[in-house]
Structure formats: C-alpha cells, structure tokens
$ cat entry_16.csv   # CSV, C-alpha atoms and all ligand atoms
chain,number,residue,atom,x,y,z
A,173,MET,CA,226.0,-101.8,44.7
A,174,HIS,CA,226.0,-99.4,47.5
A,175,PRO,CA,223.4,-96.7,48.0
A,176,PRO,CA,224.5,-93.3,46.7
A,177,GLN,CA,226.0,-91.1,49.5
A,178,SER,CA,223.1,-88.7,49.4
A,179,ALA,CA,220.7,-91.6,50.1
A,180,LEU,CA,222.4,-92.7,53.3
A,181,SER,CA,220.4,-92.4,56.5
A,182,GLN,CA,217.1,-91.9,54.7
A,183,SER,CA,214.0,-92.2,56.7
A,184,ALA,CA,210.9,-94.0,55.6
A,185,LEU,CA,207.3,-93.7,56.6
A,186,ILE,CA,205.6,-97.1,56.8
A,187,VAL,CA,201.8,-96.8,56.7
A,188,ILE,CA,200.4,-100.1,58.0
A,189,ASP,CA,197.0,-101.5,56.8
A,190,VAL,CA,194.9,-98.3,56.4
A,191,GLN,CA,192.2,-100.4,54.8
A,192,ASN,CA,188.4,-100.3,54.8
A,193,ASP,CA,188.0,-103.5,56.8
A,194,PHE,CA,190.0,-101.9,59.7
A,195,CYS,CA,187.9,-98.7,59.6
A,196,PRO,CA,184.4,-98.1,61.1
A,197,GLY,CA,181.9,-100.2,59.1
A,198,GLY,CA,184.6,-102.8,58.1
A,199,ALA,CA,184.8,-106.5,58.9
A,200,LEU,CA,187.4,-106.0,61.7
A,201,ALA,CA,186.7,-102.4,62.5
A,202,VAL,CA,189.2,-100.6,64.7
A,203,ALA,CA,187.6,-97.8,66.7
A,204,GLY,CA,188.6,-94.4,65.2
A,205,GLY,CA,190.6,-96.1,62.4
A,206,ASP,CA,189.4,-93.5,59.9
A,207,GLN,CA,190.5,-90.6,62.1
A,208,ILE,CA,194.2,-91.1,61.2
A,209,VAL,CA,193.8,-90.8,57.5
A,210,ALA,CA,194.0,-87.0,57.1
A,211,PRO,CA,197.0,-86.6,59.4
A,212,VAL,CA,198.8,-89.6,57.9
A,213,ASN,CA,198.3,-88.0,54.4
A,214,ALA,CA,199.8,-84.8,55.7
A,215,LEU,CA,202.9,-86.6,57.1
A,216,MET,CA,203.8,-88.2,53.8
A,217,GLY,CA,205.5,-85.2,52.4
A,218,ALA,CA,208.1,-85.2,55.2
A,219,PHE,CA,209.7,-88.5,54.1
A,220,GLU,CA,212.0,-89.4,51.2
A,221,CYS,CA,210.4,-92.9,51.2
A,222,VAL,CA,206.8,-93.8,51.8
A,223,VAL,CA,205.7,-97.5,52.0
A,224,LEU,CA,202.1,-98.6,52.3
A,225,THR,CA,201.1,-102.1,53.5
A,226,GLN,CA,198.0,-104.0,52.8
A,227,ASP,CA,196.7,-107.1,54.7
A,228,TRP,CA,195.8,-109.3,51.7
A,229,HIS,CA,194.3,-112.7,52.5
A,230,PRO,CA,193.0,-115.4,50.4
A,231,ALA,CA,189.3,-116.4,51.3
A,232,ASP,CA,190.5,-119.7,52.8
A,233,HIS,CA,193.0,-118.0,55.1
A,234,ALA,CA,193.8,-120.0,58.3
A,235,SER,CA,193.5,-116.8,60.5
A,236,PHE,CA,189.7,-116.6,59.8
A,237,ALA,CA,187.4,-118.1,62.4
A,238,ALA,CA,185.0,-119.0,59.5
A,239,ASN,CA,187.6,-121.5,58.3
A,240,HIS,CA,187.7,-123.4,61.6
A,241,PRO,CA,184.3,-125.0,62.1
A,242,GLY,CA,182.8,-124.2,65.5
A,243,ALA,CA,185.4,-121.5,66.4
A,244,ALA,CA,184.3,-118.1,67.5
A,245,PRO,CA,185.8,-114.9,66.2
A,246,PHE,CA,188.5,-113.6,68.5
A,247,SER,CA,189.1,-117.0,70.1
A,248,LEU,CA,192.7,-118.5,70.2
A,249,THR,CA,194.0,-121.5,68.3
A,250,GLU,CA,197.4,-123.2,68.0
A,251,MET,CA,199.2,-123.0,64.7
A,252,PRO,CA,202.5,-124.7,64.0
A,253,TYR,CA,204.2,-121.4,64.6
A,254,GLY,CA,202.4,-120.7,67.9
A,255,PRO,CA,199.1,-119.2,69.2
A,256,GLN,CA,196.9,-117.4,66.7
A,257,VAL,CA,193.8,-115.3,67.2
A,258,LEU,CA,191.0,-116.4,64.9
A,259,TRP,CA,189.7,-113.2,63.3
A,260,PRO,CA,186.5,-112.4,61.5
A,261,SER,CA,187.1,-112.8,57.8
A,262,HIS,CA,188.8,-109.5,56.6
A,263,CYS,CA,190.9,-108.0,53.9
A,264,VAL,CA,190.1,-110.7,51.3
A,265,GLN,CA,192.1,-110.2,48.2
A,266,GLY,CA,190.4,-107.9,45.7
A,267,THR,CA,187.4,-107.0,47.9
A,268,ASP,CA,186.4,-103.5,48.9
A,269,GLY,CA,187.3,-104.3,52.5
A,270,ALA,CA,190.9,-105.0,51.4
A,271,ALA,CA,191.1,-101.6,49.5
A,272,PHE,CA,192.8,-98.7,51.1
A,273,HIS,CA,190.5,-96.2,52.8
A,274,PRO,CA,189.3,-94.1,49.9
A,275,ASP,CA,190.8,-90.9,51.3
A,276,LEU,CA,194.3,-92.3,51.9
A,277,ARG,CA,196.8,-90.8,49.6
A,278,THR,CA,198.5,-93.6,47.7
A,279,ASP,CA,200.3,-91.5,45.0
A,280,PRO,CA,203.2,-90.6,47.3
A,281,ALA,CA,203.9,-94.3,48.0
A,282,GLN,CA,206.9,-95.7,46.2
A,283,MET,CA,206.1,-99.2,47.4
A,284,ILE,CA,202.9,-101.1,48.3
A,285,LEU,CA,203.6,-104.3,50.2
A,286,ARG,CA,200.9,-107.0,50.5
A,287,LYS,CA,201.2,-109.5,53.3
A,288,GLY,CA,199.2,-112.5,54.7
A,289,THR,CA,198.8,-114.0,51.2
A,290,GLN,CA,199.7,-117.6,52.2
A,291,PRO,CA,196.7,-119.6,53.3
A,292,GLN,CA,198.4,-121.4,56.2
A,293,ILE,CA,200.3,-118.6,57.9
A,294,ASP,CA,199.3,-115.1,59.2
A,295,SER,CA,201.5,-112.1,58.8
A,296,TYR,CA,201.0,-109.3,61.2
A,297,SER,CA,204.5,-107.8,60.6
A,298,ALA,CA,205.4,-106.1,57.4
A,299,PHE,CA,208.9,-107.8,57.7
A,300,PHE,CA,208.2,-111.4,58.5
A,301,GLU,CA,205.3,-113.8,58.5
A,302,ASN,CA,204.1,-115.0,61.9
A,303,ASP,CA,206.7,-117.8,62.0
A,304,HIS,CA,209.1,-114.8,62.5
A,305,SER,CA,211.4,-116.2,59.9
A,306,THR,CA,209.8,-116.1,56.4
A,307,PRO,CA,210.7,-112.6,55.1
A,308,THR,CA,208.4,-110.4,53.1
A,309,GLY,CA,211.3,-108.6,51.3
A,310,LEU,CA,210.7,-105.2,52.9
A,311,GLU,CA,214.0,-105.3,54.9
A,312,GLY,CA,215.9,-105.7,51.6
A,313,TYR,CA,213.9,-103.0,49.9
A,314,LEU,CA,214.6,-100.5,52.7
A,315,ARG,CA,218.3,-101.3,53.0
A,316,SER,CA,218.9,-101.1,49.3
A,317,ARG,CA,217.3,-97.7,49.4
A,318,GLY,CA,219.7,-96.6,52.2
A,319,VAL,CA,216.9,-96.3,54.7
A,320,SER,CA,217.9,-96.7,58.4
A,321,ALA,CA,215.2,-94.9,60.3
A,322,LEU,CA,211.5,-95.8,60.2
A,323,THR,CA,208.4,-94.0,61.4
A,324,LEU,CA,205.3,-96.3,61.7
A,325,VAL,CA,201.7,-95.3,61.6
A,326,GLY,CA,198.5,-97.2,60.9
A,327,LEU,CA,196.2,-100.0,62.1
A,328,ALA,CA,196.2,-101.7,64.4
A,329,THR,CA,198.6,-100.4,67.0
A,330,ASP,CA,198.7,-103.7,69.0
A,331,TYR,CA,198.9,-106.1,66.1
A,332,CYS,CA,200.3,-105.2,62.7
A,333,VAL,CA,202.0,-101.9,63.8
A,334,ALA,CA,203.5,-103.4,66.9
A,335,PHE,CA,204.8,-106.6,65.3
A,336,SER,CA,206.3,-104.6,62.4
A,337,ALA,CA,207.9,-102.2,64.8
A,338,LEU,CA,209.4,-105.0,66.9
A,339,ASP,CA,210.8,-106.8,63.9
A,340,ALA,CA,212.2,-103.5,62.5
A,341,ALA,CA,214.0,-102.8,65.8
A,342,ARG,CA,215.3,-106.4,65.9
A,343,LEU,CA,216.7,-105.8,62.4
A,344,GLY,CA,218.5,-102.7,63.6
A,345,PHE,CA,216.4,-99.9,62.2
A,346,ALA,CA,215.8,-96.8,64.4
A,347,VAL,CA,212.1,-97.1,65.0
A,348,THR,CA,209.5,-94.5,66.0
A,349,VAL,CA,205.8,-95.3,66.3
A,350,ARG,CA,203.5,-92.3,66.2
A,351,MET,CA,200.9,-93.5,68.7
A,352,ASP,CA,198.6,-90.6,67.8
A,353,LEU,CA,198.5,-91.9,64.2
A,354,CYS,CA,197.6,-95.4,65.2
A,355,ARG,CA,194.5,-97.0,66.6
A,356,ALA,CA,194.3,-100.3,68.5
A,357,ILE,CA,192.1,-103.4,68.6
A,358,ASP,CA,192.9,-103.9,72.3
A,359,LEU,CA,192.0,-107.6,72.7
A,360,ASP,CA,192.5,-108.9,76.3
A,361,GLY,CA,195.1,-106.3,77.2
A,362,SER,CA,197.0,-106.5,74.0
A,363,LEU,CA,197.6,-102.8,73.7
A,364,GLU,CA,199.2,-102.5,77.1
A,365,ALA,CA,201.3,-105.7,76.5
A,366,MET,CA,202.5,-104.5,73.1
A,367,VAL,CA,203.3,-101.0,74.4
A,368,GLY,CA,205.5,-102.7,77.1
A,369,ARG,CA,207.3,-104.8,74.5
A,370,MET,CA,207.9,-101.9,72.1
A,371,THR,CA,209.3,-99.8,75.0
A,372,ALA,CA,211.5,-102.6,76.1
A,373,ALA,CA,212.8,-103.0,72.5
A,374,GLY,CA,214.0,-99.3,72.5
A,375,ILE,CA,211.2,-98.1,70.1
A,376,ALA,CA,210.3,-94.5,70.5
A,377,LEU,CA,206.6,-94.1,71.1
A,378,GLN,CA,205.6,-90.5,70.2
A,379,GLY,CA,202.3,-88.6,70.3
A,401,LIG,C1,195.6,-107.0,61.6
A,401,LIG,C2,194.5,-108.6,62.8
A,401,LIG,C3,194.5,-109.4,61.7
A,401,LIG,C4,196.3,-105.6,61.6
A,401,LIG,C5,195.6,-107.8,60.5
A,401,LIG,O1,196.4,-105.0,60.6
A,401,LIG,O2,196.6,-105.2,62.7
A,401,LIG,N1,195.1,-107.4,62.8
A,401,LIG,N2,195.0,-109.0,60.5
A,402,ZN,ZN,194.8,-110.1,58.7

$ encode --input "entry_16.csv" --output "structure tokens"
Amino acid sequence: MHPPQSALSQSALIVIDVQNDFCPGGALAVAGGDQIVAPVNALMGAFECVVLTQDWHPADHASFAANHPGAAPFSLTEMPYGPQVLWPSHCVQGTDGAAFHPDLRTDPAQMILRKGTQPQIDSYSAFFENDHSTPTGLEGYLRSRGVSALTLVGLATDYCVAFSALDAARLGFAVTVRMDLCRAIDLDGSLEAMVGRMTAAGIALQG
C-alpha cells in the first residue's frame, strides 16, 4: 500500500509531553512549561497530522531515583544502554501528573503515543527507547501516513524534544523544532549541548 498522492509530503506536528508533571507544580516541573500550551493549541490547525506524546511510566520505573536506594534525584547512574539521569518520580501511569495539561487541546490529535512504559528502560525519544534501537512504532505510523516533515514542540527542550528531533533527523524526516514553543530542564549545560547536537544534525531551530 502506498499513501495516496494527495497525502505525500504531509507535515506533522509532534507535541511532546505537555503533561502536568512537567508544568509548574508538577513532580519534574519545567520552568514556564505551561506558557507553551495556548500557542501550541493555536498551531494545531496548521497541520494535517497532529501527534501527542505522553511520558507514561510504571511506578517501579528504573529512571526514578526513588527506585535506587540512596540515590539523589538528578544524579547519574549507568544502565545497560548507557548513562541515565535518575529523575524524581514523574508521569506515573494513570496519575494526575501523567495527564495532559488541562488546557491542552487533545481533540485535534489523531494519535497519542505513550512511551517509557517498560520498567527497565527509559524513553526520551518518541521514536526509540533509550537503547536507541527499540522502536515505539511512531516512524511507521508517520511514514504510512505519507508524512515527511515534522515540527516538534513541547517539554522538555533538552530531553524528550531533543532526543525525538535527533532520531527523526536520523530517520530522514525534515525536522523543525519551534524553540519558542519548548521549555528546558537545563541540567548541567544540557540545553546548550543538545542545541549543538540538533544544529549539527541539520535540524532547523526556529523561534
Ligand atoms: C522527560 C526527563 C524524564 C521529558 C521525560 O519529557 O523531557 N525528561 N522523562
Ligand atoms: Zn520520564
């Protein structure tokens, strides 16, 4: 099956993790995270395809400091797939913290992708888990829809947005990140580092 001619070169808006726990008052609050909600809502109408992602962890998730006795939140550990930041417990499946920000429009979304559901592996990217090889299925969804260009917005710039953007570029999508519609955690220079990696990968950083 090939996509119909009219569907070729569609563009998709990928809205990353606009969830309560990443907004002020949440368990892993990103400064100004709530400020992007209204402009992201306004942007949805400009895209043929809108995808929302949700960080969606089981309570025993290995990325939570609380599941590593003695480990402090925001410290680093080694996982089989490489270094991993140990986060405060966040976006636990079914909790209010894992819900979308209440003002985020969800009706225009044709797909909602949940990631980070396996206890032993984190998933910053919407395309692959943090082993960089286990796919989420989003690539196949977008390709079968005839999507070739992506605009990414959401939380957090330097983690889930950046890792999603880098994977998307590696997969051959034309990628734009609307920096004005993202907010960063900025842990130990992570924002500057990820901006450098995204630029080097040919990702267009706008706003
Ligand atoms: C995220 C840290 C842990 C994100 C998710 O959405 O950027 N960051 N889990
Ligand atoms: Zn997470």

$ residues_near_ligand --input "entry_16.csv" --ligand "ligand LIG 401 (chain A)" --cutoff "6 Å" --atoms "all atoms listed in the file" --output "VMD selection string"
chain A and resid 189 227 296 327 to 328 331 to 332

$ residues_near_ligand --input "entry_16.csv" --ligand "ligand ZN 402 (chain A)" --cutoff "12 Å" --atoms "only C-alpha atoms and all ligand atoms" --output "PyMOL selection string"
chain A and resi 188-189+191+193-194+199-201+225-231+233-237+256-265+269-270+286-291+293-298+301-302+327-328+331-332

$ atom_distance --input "entry_16.csv" --atom1 "CA of Pro255 in chain A" --atom2 "CA of Arg342 in chain A"
20.9 Å

$ closest_residue --input "entry_16.csv" --among "A:Ala356, A:Leu363, A:Leu343, A:Ala281" --to "Arg315 in chain A" --atoms "all atoms listed in the file"
A:Leu343

$ atom_distance --input "entry_16.csv" --atom1 "CA of Asp358 in chain A" --atom2 "CA of Val333 in chain A"
12.6 Å

$ closest_residue --input "entry_16.csv" --among "A:Glu250, A:Glu220, A:Glu311, A:Glu364" --to "Gly344 in chain A" --atoms "only C-alpha atoms"
A:Glu311

$ closest_residue --input "entry_16.csv" --among "A:Pro211, A:Asp206, A:Phe246, A:Thr348" --to "Thr323 in chain A" --atoms "all atoms listed in the file"
A:Thr348

$ atom_distance --input "entry_16.csv" --atom1 "CA of Ala346 in chain A" --atom2 "CA of Ala321 in chain A"
4.6 Å

$ closest_residue --input "entry_16.csv" --among "A:His240, A:Arg350, A:His273, A:His304" --to "Cys195 in chain A" --atoms "all atoms listed in the file"
A:His273

$ closest_residue --input "entry_16.csv" --among "A:Val202, A:Ala341, A:Leu276, A:Met283" --to "Leu224 in chain A" --atoms "only C-alpha atoms"
A:Met283
